Amino acid sequence: MIEPTLTLERRALKQHAIIIACDEVGRGALAGPVAVGAAVIDPARSRKRVPAGLRDSKLVPEARRPEVAARAAAFVQHSAVGWASSVEIDEIGIIRALGLAAVRAIADLRAHGVVPEEALVILDGNHDYITPAGEPGLTVTPIVKADRDCASAAAASVIAKVARDTLMAGLHDDLPAYGWARNKGYASVDHRDAISTHGMSVHHRHSWAIAAAPTLF
């Protein structure tokens with residue numbers, strides 16, 4: 001299994017004061033918000049050892065994610081999670097909603113003294129959705145599989161994943177029929193069956209062709 005490193009971060013920190021890595025969670029879900037995690041690495045953190053077990057959140061067993069996320073949060077200089085609701089996704093589309101969530105995460109970092117204009121912003125994926133969302137002054141570099149290869153992006157990924165999973169478990173308590181504690185809003189068989197039986201809730205993405213969505217697990 002490929003383990004994330006700080007190689008890219010150390011190289012980039014020769015030209016930038018800090019690194020802000022961003023990764024999204026919940027993009028393909030049928031219900032619930034989308035979340036973008038942001039994690040800050042400064043030169044001091046770049047010289048430390050990557051926390052044990054840190055991986056892209058999809059590669060960390062669910063039972064271990066909270067402890068790995070806690071280690072990741074303690075490792076980075078700052079972290080934040082920005083959100084865009086299912087209503088916002090319906091109103092503006094998923095890509096613009098991702099940008100909105102990222103801008104909100106970056107605003108949270110600003111509130112804690114981070115200066116994003118001094119950073120290289122590493123964005124997992126191949127498309128910059130941050131700049132068009134209202135952050136034109138940042139240096140954003142999309143990197144495919146950044147959450148696999150870069151420790152900063154892996155930290156952002158697992159922090160956001162645990163935050164969103166916790167939120168979906170809370171929504172499950174209000175609407176248990178959809179099984180969100182298990183499926184986290186994704187297109188599982190039980191989730192699809194519940195939608196067929198009960199219809200869509202306020203937390204579902206009503207603009208999506210949910211009836212035709214593929215079952216993921």
# chains A, B, ... in the order shown; residues from 1 in each chain; ligands from 1

$ closest_atom_pairs --of "range 65-163 of chain A" --to "range 29-37 of chain A" --cutoff "12 Å" --atoms "only C-alpha atoms" --output "JSON lines"
{"residue": "A:Ala69", "atom": "CA", "partner": "A:Gly37", "partner_atom": "CA", "distance": 11.2}
{"residue": "A:Ala72", "atom": "CA", "partner": "A:Gly37", "partner_atom": "CA", "distance": 11.7}
{"residue": "A:Ala73", "atom": "CA", "partner": "A:Gly37", "partner_atom": "CA", "distance": 10.9}
{"residue": "A:His78", "atom": "CA", "partner": "A:Gly37", "partner_atom": "CA", "distance": 10.9}
{"residue": "A:Ser79", "atom": "CA", "partner": "A:Gly37", "partner_atom": "CA", "distance": 7.3}
{"residue": "A:Ala80", "atom": "CA", "partner": "A:Gly37", "partner_atom": "CA", "distance": 5.8}
{"residue": "A:Val81", "atom": "CA", "partner": "A:Gly37", "partner_atom": "CA", "distance": 4.4}
{"residue": "A:Gly82", "atom": "CA", "partner": "A:Val36", "partner_atom": "CA", "distance": 5.2}
{"residue": "A:Trp83", "atom": "CA", "partner": "A:Ala35", "partner_atom": "CA", "distance": 4.6}
{"residue": "A:Ala84", "atom": "CA", "partner": "A:Val34", "partner_atom": "CA", "distance": 5.5}
{"residue": "A:Ser85", "atom": "CA", "partner": "A:Pro33", "partner_atom": "CA", "distance": 4.3}
{"residue": "A:Ser86", "atom": "CA", "partner": "A:Pro33", "partner_atom": "CA", "distance": 5.1}
{"residue": "A:Val87", "atom": "CA", "partner": "A:Pro33", "partner_atom": "CA", "distance": 8.4}
{"residue": "A:Glu88", "atom": "CA", "partner": "A:Pro33", "partner_atom": "CA", "distance": 8.6}
{"residue": "A:Ile89", "atom": "CA", "partner": "A:Pro33", "partner_atom": "CA", "distance": 7.9}
{"residue": "A:Asp90", "atom": "CA", "partner": "A:Pro33", "partner_atom": "CA", "distance": 10.7}
{"residue": "A:Gly93", "atom": "CA", "partner": "A:Val34", "partner_atom": "CA", "distance": 11.2}
{"residue": "A:Ile94", "atom": "CA", "partner": "A:Val34", "partner_atom": "CA", "distance": 8.3}
{"residue": "A:Ile95", "atom": "CA", "partner": "A:Val34", "partner_atom": "CA", "distance": 10.2}
{"residue": "A:Arg96", "atom": "CA", "partner": "A:Val34", "partner_atom": "CA", "distance": 11.0}
{"residue": "A:Ala97", "atom": "CA", "partner": "A:Val34", "partner_atom": "CA", "distance": 7.5}
{"residue": "A:Leu98", "atom": "CA", "partner": "A:Val34", "partner_atom": "CA", "distance": 6.9}
{"residue": "A:Gly99", "atom": "CA", "partner": "A:Val36", "partner_atom": "CA", "distance": 8.7}
{"residue": "A:Leu100", "atom": "CA", "partner": "A:Val36", "partner_atom": "CA", "distance": 9.1}
{"residue": "A:Ala101", "atom": "CA", "partner": "A:Val36", "partner_atom": "CA", "distance": 5.7}
{"residue": "A:Ala102", "atom": "CA", "partner": "A:Val36", "partner_atom": "CA", "distance": 5.4}
{"residue": "A:Val103", "atom": "CA", "partner": "A:Val36", "partner_atom": "CA", "distance": 9.0}
{"residue": "A:Arg104", "atom": "CA", "partner": "A:Val36", "partner_atom": "CA", "distance": 8.7}
{"residue": "A:Ala105", "atom": "CA", "partner": "A:Gly37", "partner_atom": "CA", "distance": 6.8}
{"residue": "A:Ile106", "atom": "CA", "partner": "A:Gly37", "partner_atom": "CA", "distance": 9.2}
{"residue": "A:Ala107", "atom": "CA", "partner": "A:Gly37", "partner_atom": "CA", "distance": 12.0}
{"residue": "A:Asp108", "atom": "CA", "partner": "A:Gly37", "partner_atom": "CA", "distance": 10.7}
{"residue": "A:Leu109", "atom": "CA", "partner": "A:Gly37", "partner_atom": "CA", "distance": 10.7}
{"residue": "A:Ile122", "atom": "CA", "partner": "A:Gly37", "partner_atom": "CA", "distance": 11.5}
{"residue": "A:Leu123", "atom": "CA", "partner": "A:Val36", "partner_atom": "CA", "distance": 10.0}
{"residue": "A:Asp124", "atom": "CA", "partner": "A:Val36", "partner_atom": "CA", "distance": 10.3}
{"residue": "A:Tyr129", "atom": "CA", "partner": "A:Val36", "partner_atom": "CA", "distance": 11.3}
{"residue": "A:Ile130", "atom": "CA", "partner": "A:Val36", "partner_atom": "CA", "distance": 10.6}
{"residue": "A:Asp147", "atom": "CA", "partner": "A:Gly37", "partner_atom": "CA", "distance": 11.1}
{"residue": "A:Ser152", "atom": "CA", "partner": "A:Gly37", "partner_atom": "CA", "distance": 10.4}
{"residue": "A:Ala153", "atom": "CA", "partner": "A:Gly37", "partner_atom": "CA", "distance": 8.6}
{"residue": "A:Ala154", "atom": "CA", "partner": "A:Gly37", "partner_atom": "CA", "distance": 9.7}
{"residue": "A:Ala155", "atom": "CA", "partner": "A:Gly37", "partner_atom": "CA", "distance": 8.3}
{"residue": "A:Ala156", "atom": "CA", "partner": "A:Gly37", "partner_atom": "CA", "distance": 4.6}
{"residue": "A:Ser157", "atom": "CA", "partner": "A:Gly37", "partner_atom": "CA", "distance": 6.1}
{"residue": "A:Val158", "atom": "CA", "partner": "A:Gly37", "partner_atom": "CA", "distance": 8.2}
{"residue": "A:Ile159", "atom": "CA", "partner": "A:Gly37", "partner_atom": "CA", "distance": 6.5}
{"residue": "A:Ala160", "atom": "CA", "partner": "A:Gly37", "partner_atom": "CA", "distance": 4.7}
{"residue": "A:Lys161", "atom": "CA", "partner": "A:Ala35", "partner_atom": "CA", "distance": 8.0}
{"residue": "A:Val162", "atom": "CA", "partner": "A:Gly37", "partner_atom": "CA", "distance": 10.2}
{"residue": "A:Ala163", "atom": "CA", "partner": "A:Ala35", "partner_atom": "CA", "distance": 8.4}

$ select_by_dssp --residues "range 95-163 of chain A" --states "strand (DSSP E or B)" --output "ChimeraX atom specification"
/A:119-124,139-143,150

$ closest_residue --among "A:Thr139, A:Ser57, A:Gln77, A:Asn126" --to "Val114 in chain A" --atoms "only C-alpha atoms"
A:Gln77

$ atom_distance --atom1 "CA of His204 in chain A" --atom2 "CA of Asp173 in chain A"
15.5 Å

$ atom_distance --atom1 "CA of Glu135 in chain A" --atom2 "CA of Leu120 in chain A"
12.9 Å

$ select_by_dssp --residues "range 75-116 of chain A" --states "alpha helix (DSSP H)" --output "list in words"
Phe75, Ser86, Val87, Glu88, Ile89, Asp90, Glu91, Ile92, Ile94, Ile95, Arg96, Ala97, Leu98, Gly99, Leu100, Ala101, Ala102, Val103, Arg104, Ala105, Ile106, Ala107, Asp108, Leu109, Arg110 and Ala111 of chain A

$ write_last_selection --atoms "N, CA, C and O atoms" --output "tab-separated table (two decimals), in the first residue's frame"
chain	number	residue	atom	x	y	z
A	75	PHE	N	-1.32	16.83	14.25
A	75	PHE	CA	-0.08	16.95	13.47
A	75	PHE	C	-0.02	18.25	12.68
A	75	PHE	O	1.01	18.92	12.65
A	86	SER	N	-27.26	20.05	1.04
A	86	SER	CA	-27.94	19.42	-0.09
A	86	SER	C	-28.81	20.44	-0.83
A	86	SER	O	-28.94	20.37	-2.06
A	87	VAL	N	-29.39	21.39	-0.12
A	87	VAL	CA	-30.18	22.45	-0.76
A	87	VAL	C	-29.30	23.29	-1.66
A	87	VAL	O	-29.67	23.63	-2.80
A	88	GLU	N	-28.11	23.64	-1.18
A	88	GLU	CA	-27.18	24.42	-1.99
A	88	GLU	C	-26.71	23.63	-3.20
A	88	GLU	O	-26.55	24.20	-4.30
A	89	ILE	N	-26.48	22.34	-3.02
A	89	ILE	CA	-26.09	21.49	-4.15
A	89	ILE	C	-27.19	21.51	-5.22
A	89	ILE	O	-26.92	21.63	-6.42
A	90	ASP	N	-28.44	21.43	-4.78
A	90	ASP	CA	-29.57	21.48	-5.72
A	90	ASP	C	-29.63	22.83	-6.43
A	90	ASP	O	-29.96	22.91	-7.62
A	91	GLU	N	-29.31	23.90	-5.71
A	91	GLU	CA	-29.44	25.24	-6.27
A	91	GLU	C	-28.33	25.60	-7.24
A	91	GLU	O	-28.58	26.23	-8.27
A	92	ILE	N	-27.10	25.18	-6.94
A	92	ILE	CA	-25.97	25.67	-7.74
A	92	ILE	C	-25.17	24.56	-8.41
A	92	ILE	O	-24.25	24.85	-9.19
A	94	ILE	N	-23.09	20.55	-8.07
A	94	ILE	CA	-22.09	19.96	-7.18
A	94	ILE	C	-20.73	20.65	-7.29
A	94	ILE	O	-20.06	20.86	-6.28
A	95	ILE	N	-20.31	21.04	-8.48
A	95	ILE	CA	-18.98	21.65	-8.60
A	95	ILE	C	-18.93	22.99	-7.90
A	95	ILE	O	-17.99	23.28	-7.14
A	96	ARG	N	-19.94	23.83	-8.12
A	96	ARG	CA	-19.97	25.12	-7.44
A	96	ARG	C	-20.15	24.94	-5.93
A	96	ARG	O	-19.62	25.72	-5.13
A	97	ALA	N	-20.87	23.89	-5.53
A	97	ALA	CA	-21.04	23.61	-4.10
A	97	ALA	C	-19.70	23.20	-3.47
A	97	ALA	O	-19.40	23.58	-2.33
A	98	LEU	N	-18.91	22.43	-4.20
A	98	LEU	CA	-17.58	22.08	-3.71
A	98	LEU	C	-16.74	23.34	-3.50
A	98	LEU	O	-16.04	23.48	-2.49
A	99	GLY	N	-16.81	24.25	-4.46
A	99	GLY	CA	-16.09	25.51	-4.32
A	99	GLY	C	-16.56	26.30	-3.12
A	99	GLY	O	-15.74	26.86	-2.37
A	100	LEU	N	-17.87	26.34	-2.91
A	100	LEU	CA	-18.43	27.06	-1.76
A	100	LEU	C	-17.94	26.45	-0.46
A	100	LEU	O	-17.55	27.17	0.48
A	101	ALA	N	-17.95	25.12	-0.37
A	101	ALA	CA	-17.47	24.45	0.84
A	101	ALA	C	-15.99	24.74	1.07
A	101	ALA	O	-15.56	24.97	2.21
A	102	ALA	N	-15.19	24.73	0.00
A	102	ALA	CA	-13.77	25.02	0.14
A	102	ALA	C	-13.53	26.44	0.61
A	102	ALA	O	-12.68	26.69	1.48
A	103	VAL	N	-14.27	27.40	0.05
A	103	VAL	CA	-14.14	28.80	0.46
A	103	VAL	C	-14.48	28.94	1.94
A	103	VAL	O	-13.83	29.69	2.68
A	104	ARG	N	-15.48	28.22	2.40
A	104	ARG	CA	-15.86	28.27	3.82
A	104	ARG	C	-14.78	27.67	4.70
A	104	ARG	O	-14.52	28.17	5.81
A	105	ALA	N	-14.14	26.59	4.25
A	105	ALA	CA	-13.04	26.01	5.02
A	105	ALA	C	-11.87	26.98	5.11
A	105	ALA	O	-11.26	27.17	6.17
A	106	ILE	N	-11.57	27.63	4.00
A	106	ILE	CA	-10.48	28.60	3.97
A	106	ILE	C	-10.79	29.80	4.85
A	106	ILE	O	-9.92	30.34	5.54
A	107	ALA	N	-12.06	30.23	4.87
A	107	ALA	CA	-12.46	31.33	5.75
A	107	ALA	C	-12.25	30.96	7.21
A	107	ALA	O	-11.85	31.80	8.03
A	108	ASP	N	-12.52	29.71	7.55
A	108	ASP	CA	-12.28	29.23	8.91
A	108	ASP	C	-10.80	29.32	9.25
A	108	ASP	O	-10.42	29.75	10.35
A	109	LEU	N	-9.94	28.92	8.30
A	109	LEU	CA	-8.51	29.03	8.54
A	109	LEU	C	-8.11	30.49	8.73
A	109	LEU	O	-7.29	30.81	9.60
A	110	ARG	N	-8.66	31.39	7.91
A	110	ARG	CA	-8.36	32.83	8.07
A	110	ARG	C	-8.69	33.30	9.48
A	110	ARG	O	-7.95	34.08	10.08
A	111	ALA	N	-9.83	32.83	9.99
A	111	ALA	CA	-10.27	33.24	11.33
A	111	ALA	C	-9.29	32.80	12.41
A	111	ALA	O	-9.30	33.35	13.51

$ residues_around --residues "Trp180 in chain A" --least-positions-apart "2" --cutoff "9 Å" --atoms "only C-alpha atoms" --output "MDAnalysis selection string"
chainID A and resid 31 165 168:173 175:178 182:186 191

$ write_last_selection --atoms "N, CA, C and O atoms" --output "short mmCIF file (atom, residue, chain, number, x, y, z; two decimals), in the first residue's frame"
data_model
loop_
_atom_site.label_atom_id
_atom_site.label_comp_id
_atom_site.auth_asym_id
_atom_site.auth_seq_id
_atom_site.Cartn_x
_atom_site.Cartn_y
_atom_site.Cartn_z
N ALA A 31 -27.53 11.86 -0.32
CA ALA A 31 -28.10 12.68 0.75
C ALA A 31 -26.99 13.29 1.58
O ALA A 31 -25.88 12.77 1.65
N ASP A 165 -19.08 11.87 8.45
CA ASP A 165 -19.70 10.64 8.96
C ASP A 165 -20.43 10.91 10.28
O ASP A 165 -21.52 10.37 10.52
N MET A 168 -23.68 12.66 9.49
CA MET A 168 -24.68 11.77 8.91
C MET A 168 -25.25 10.83 9.97
O MET A 168 -26.44 10.48 9.93
N ALA A 169 -24.42 10.42 10.93
CA ALA A 169 -24.94 9.59 12.02
C ALA A 169 -25.95 10.37 12.85
O ALA A 169 -26.94 9.80 13.32
N GLY A 170 -25.71 11.67 13.02
CA GLY A 170 -26.67 12.50 13.73
C GLY A 170 -27.97 12.65 12.97
O GLY A 170 -29.06 12.61 13.57
N LEU A 171 -27.90 12.80 11.66
CA LEU A 171 -29.11 12.87 10.84
C LEU A 171 -29.86 11.54 10.87
O LEU A 171 -31.10 11.52 10.79
N HIS A 172 -29.14 10.45 10.98
CA HIS A 172 -29.77 9.13 11.09
C HIS A 172 -30.69 9.06 12.31
O HIS A 172 -31.77 8.47 12.25
N ASP A 173 -30.27 9.68 13.41
CA ASP A 173 -31.09 9.65 14.62
C ASP A 173 -32.44 10.30 14.38
O ASP A 173 -33.45 9.90 14.98
N LEU A 175 -33.90 10.56 11.22
CA LEU A 175 -34.58 9.86 10.13
C LEU A 175 -33.95 8.47 9.95
O LEU A 175 -33.25 8.21 8.98
N PRO A 176 -34.17 7.57 10.88
CA PRO A 176 -33.47 6.28 10.86
C PRO A 176 -33.83 5.38 9.69
O PRO A 176 -33.09 4.44 9.38
N ALA A 177 -34.95 5.62 9.01
CA ALA A 177 -35.39 4.72 7.94
C ALA A 177 -34.38 4.61 6.81
O ALA A 177 -34.32 3.57 6.13
N TYR A 178 -33.55 5.65 6.61
CA TYR A 178 -32.64 5.66 5.46
C TYR A 178 -31.28 4.99 5.76
O TYR A 178 -30.47 4.83 4.85
N ARG A 182 -25.14 3.78 8.66
CA ARG A 182 -24.35 2.76 7.96
C ARG A 182 -23.85 3.27 6.60
O ARG A 182 -22.68 3.13 6.28
N ASN A 183 -24.75 3.83 5.81
CA ASN A 183 -24.38 4.15 4.42
C ASN A 183 -23.88 5.58 4.23
O ASN A 183 -23.39 5.92 3.15
N LYS A 184 -24.02 6.43 5.26
CA LYS A 184 -23.54 7.81 5.24
C LYS A 184 -24.13 8.63 4.08
O LYS A 184 -23.54 9.61 3.63
N GLY A 185 -25.28 8.22 3.59
CA GLY A 185 -25.94 8.96 2.53
C GLY A 185 -25.61 8.49 1.13
O GLY A 185 -26.16 9.02 0.15
N TYR A 186 -24.74 7.48 1.01
CA TYR A 186 -24.36 6.97 -0.31
C TYR A 186 -25.40 5.96 -0.82
O TYR A 186 -26.32 5.56 -0.10
N HIS A 191 -30.37 2.00 1.28
CA HIS A 191 -30.72 3.40 1.12
C HIS A 191 -31.67 3.58 -0.07
O HIS A 191 -32.69 4.27 0.03
#

$ atom_distance --atom1 "CA of Lys14 in chain A" --atom2 "CA of Ala146 in chain A"
19.0 Å

$ residues_around --residues "Gly53 in chain A" --least-positions-apart "5" --cutoff "9 Å" --atoms "only C-alpha atoms" --output "number ranges by chain"
A: 3, 60, 64, 68

$ decode --residues "range 20-143 of chain A" --atoms "C-alpha atoms" --output "mmCIF file, in the first residue's frame"
data_model
loop_
_atom_site.group_PDB
_atom_site.id
_atom_site.type_symbol
_atom_site.label_atom_id
_atom_site.label_comp_id
_atom_site.auth_asym_id
_atom_site.auth_seq_id
_atom_site.Cartn_x
_atom_site.Cartn_y
_atom_site.Cartn_z
ATOM 1 C CA ILE A 20 -2.967 24.268 2.532
ATOM 2 C CA ALA A 21 -4.229 20.905 1.303
ATOM 3 C CA CYS A 22 -7.912 20.481 0.456
ATOM 4 C CA ASP A 23 -9.935 17.339 -0.202
ATOM 5 C CA GLU A 24 -13.670 16.745 -0.584
ATOM 6 C CA VAL A 25 -15.942 14.159 0.974
ATOM 7 C CA GLY A 26 -19.512 13.291 0.036
ATOM 8 C CA ARG A 27 -19.408 14.337 -3.591
ATOM 9 C CA GLY A 28 -21.217 11.231 -4.840
ATOM 10 C CA ALA A 29 -23.682 10.803 -1.982
ATOM 11 C CA LEU A 30 -27.438 10.887 -2.531
ATOM 12 C CA ALA A 31 -28.103 12.680 0.748
ATOM 13 C CA GLY A 32 -26.379 15.048 3.109
ATOM 14 C CA PRO A 33 -23.918 17.867 2.553
ATOM 15 C CA VAL A 34 -20.634 17.850 0.741
ATOM 16 C CA ALA A 35 -17.604 18.664 2.890
ATOM 17 C CA VAL A 36 -14.149 19.977 2.035
ATOM 18 C CA GLY A 37 -11.360 19.484 4.536
ATOM 19 C CA ALA A 38 -8.401 21.847 4.681
ATOM 20 C CA ALA A 39 -5.120 21.116 6.449
ATOM 21 C CA VAL A 40 -2.176 23.480 6.930
ATOM 22 C CA ILE A 41 1.450 22.372 6.918
ATOM 23 C CA ASP A 42 4.208 24.824 7.838
ATOM 24 C CA PRO A 43 7.971 24.204 7.618
ATOM 25 C CA ALA A 44 8.152 22.869 11.178
ATOM 26 C CA ARG A 45 5.442 20.264 10.551
ATOM 27 C CA SER A 46 6.994 19.279 7.244
ATOM 28 C CA ARG A 47 10.039 18.003 9.137
ATOM 29 C CA LYS A 48 8.009 15.787 11.460
ATOM 30 C CA ARG A 49 7.103 12.149 10.941
ATOM 31 C CA VAL A 50 3.814 11.433 9.197
ATOM 32 C CA PRO A 51 1.283 10.199 11.808
ATOM 33 C CA ALA A 52 0.915 6.434 12.037
ATOM 34 C CA GLY A 53 -1.893 5.057 9.898
ATOM 35 C CA LEU A 54 -2.515 8.272 7.972
ATOM 36 C CA ARG A 55 -3.940 7.495 4.541
ATOM 37 C CA ASP A 56 -6.568 8.732 2.160
ATOM 38 C CA SER A 57 -9.760 8.281 4.190
ATOM 39 C CA LYS A 58 -11.063 5.632 1.770
ATOM 40 C CA LEU A 59 -8.102 3.440 2.724
ATOM 41 C CA VAL A 60 -8.537 3.758 6.495
ATOM 42 C CA PRO A 61 -10.914 1.225 8.091
ATOM 43 C CA GLU A 62 -14.008 2.990 9.421
ATOM 44 C CA ALA A 63 -13.390 1.885 13.010
ATOM 45 C CA ARG A 64 -9.917 3.468 12.946
ATOM 46 C CA ARG A 65 -10.793 6.736 11.219
ATOM 47 C CA PRO A 66 -11.566 8.775 14.370
ATOM 48 C CA GLU A 67 -8.209 8.015 15.971
ATOM 49 C CA VAL A 68 -6.335 8.643 12.709
ATOM 50 C CA ALA A 69 -8.235 11.907 12.218
ATOM 51 C CA ALA A 70 -7.337 12.977 15.757
ATOM 52 C CA ARG A 71 -3.647 12.292 15.092
ATOM 53 C CA ALA A 72 -3.871 14.163 11.793
ATOM 54 C CA ALA A 73 -5.500 17.181 13.448
ATOM 55 C CA ALA A 74 -2.797 17.248 16.111
ATOM 56 C CA PHE A 75 -0.084 16.948 13.466
ATOM 57 C CA VAL A 76 -1.084 19.819 11.160
ATOM 58 C CA GLN A 77 -0.786 23.493 12.109
ATOM 59 C CA HIS A 78 -4.504 24.132 11.590
ATOM 60 C CA SER A 79 -7.423 22.277 10.050
ATOM 61 C CA ALA A 80 -10.972 23.149 9.066
ATOM 62 C CA VAL A 81 -13.990 21.613 7.369
ATOM 63 C CA GLY A 82 -16.275 23.637 5.099
ATOM 64 C CA TRP A 83 -19.769 22.531 4.130
ATOM 65 C CA ALA A 84 -22.336 22.998 1.395
ATOM 66 C CA SER A 85 -25.808 21.657 2.078
ATOM 67 C CA SER A 86 -27.945 19.423 -0.091
ATOM 68 C CA VAL A 87 -30.181 22.449 -0.762
ATOM 69 C CA GLU A 88 -27.181 24.424 -1.991
ATOM 70 C CA ILE A 89 -26.095 21.490 -4.155
ATOM 71 C CA ASP A 90 -29.567 21.483 -5.722
ATOM 72 C CA GLU A 91 -29.443 25.239 -6.265
ATOM 73 C CA ILE A 92 -25.966 25.672 -7.743
ATOM 74 C CA GLY A 93 -24.728 22.194 -8.727
ATOM 75 C CA ILE A 94 -22.091 19.963 -7.183
ATOM 76 C CA ILE A 95 -18.980 21.652 -8.601
ATOM 77 C CA ARG A 96 -19.966 25.119 -7.439
ATOM 78 C CA ALA A 97 -21.036 23.614 -4.103
ATOM 79 C CA LEU A 98 -17.576 22.081 -3.707
ATOM 80 C CA GLY A 99 -16.091 25.510 -4.325
ATOM 81 C CA LEU A 100 -18.427 27.056 -1.764
ATOM 82 C CA ALA A 101 -17.472 24.451 0.838
ATOM 83 C CA ALA A 102 -13.767 25.016 0.139
ATOM 84 C CA VAL A 103 -14.139 28.797 0.460
ATOM 85 C CA ARG A 104 -15.860 28.271 3.815
ATOM 86 C CA ALA A 105 -13.042 26.007 5.023
ATOM 87 C CA ILE A 106 -10.476 28.597 3.970
ATOM 88 C CA ALA A 107 -12.461 31.325 5.751
ATOM 89 C CA ASP A 108 -12.281 29.230 8.914
ATOM 90 C CA LEU A 109 -8.507 29.030 8.536
ATOM 91 C CA ARG A 110 -8.356 32.827 8.065
ATOM 92 C CA ALA A 111 -10.266 33.238 11.325
ATOM 93 C CA HIS A 112 -7.453 31.335 13.038
ATOM 94 C CA GLY A 113 -4.713 33.543 11.642
ATOM 95 C CA VAL A 114 -3.779 31.615 8.508
ATOM 96 C CA VAL A 115 -2.968 33.772 5.465
ATOM 97 C CA PRO A 116 -4.021 31.698 2.432
ATOM 98 C CA GLU A 117 -2.386 34.128 -0.004
ATOM 99 C CA GLU A 118 0.975 32.975 1.363
ATOM 100 C CA ALA A 119 0.181 29.322 0.681
ATOM 101 C CA LEU A 120 0.387 26.805 -2.070
ATOM 102 C CA VAL A 121 -3.090 25.296 -2.052
ATOM 103 C CA ILE A 122 -2.948 21.613 -2.995
ATOM 104 C CA LEU A 123 -6.346 20.443 -4.208
ATOM 105 C CA ASP A 124 -6.986 16.743 -4.648
ATOM 106 C CA GLY A 125 -8.273 16.066 -8.164
ATOM 107 C CA ASN A 126 -7.782 17.522 -11.623
ATOM 108 C CA HIS A 127 -10.005 20.628 -11.475
ATOM 109 C CA ASP A 128 -9.630 23.910 -9.594
ATOM 110 C CA TYR A 129 -13.090 24.613 -8.186
ATOM 111 C CA ILE A 130 -11.753 27.023 -5.524
ATOM 112 C CA THR A 131 -10.694 29.988 -7.677
ATOM 113 C CA PRO A 132 -14.061 30.413 -9.469
ATOM 114 C CA ALA A 133 -15.869 30.188 -6.121
ATOM 115 C CA GLY A 134 -14.437 33.476 -4.916
ATOM 116 C CA GLU A 135 -10.768 32.958 -4.054
ATOM 117 C CA PRO A 136 -8.976 34.407 -7.107
ATOM 118 C CA GLY A 137 -5.890 35.494 -5.167
ATOM 119 C CA LEU A 138 -4.734 32.024 -4.189
ATOM 120 C CA THR A 139 -2.181 29.740 -5.815
ATOM 121 C CA VAL A 140 -4.189 26.571 -6.356
ATOM 122 C CA THR A 141 -2.615 23.431 -7.797
ATOM 123 C CA PRO A 142 -4.894 20.442 -8.477
ATOM 124 C CA ILE A 143 -3.051 17.136 -8.056
#
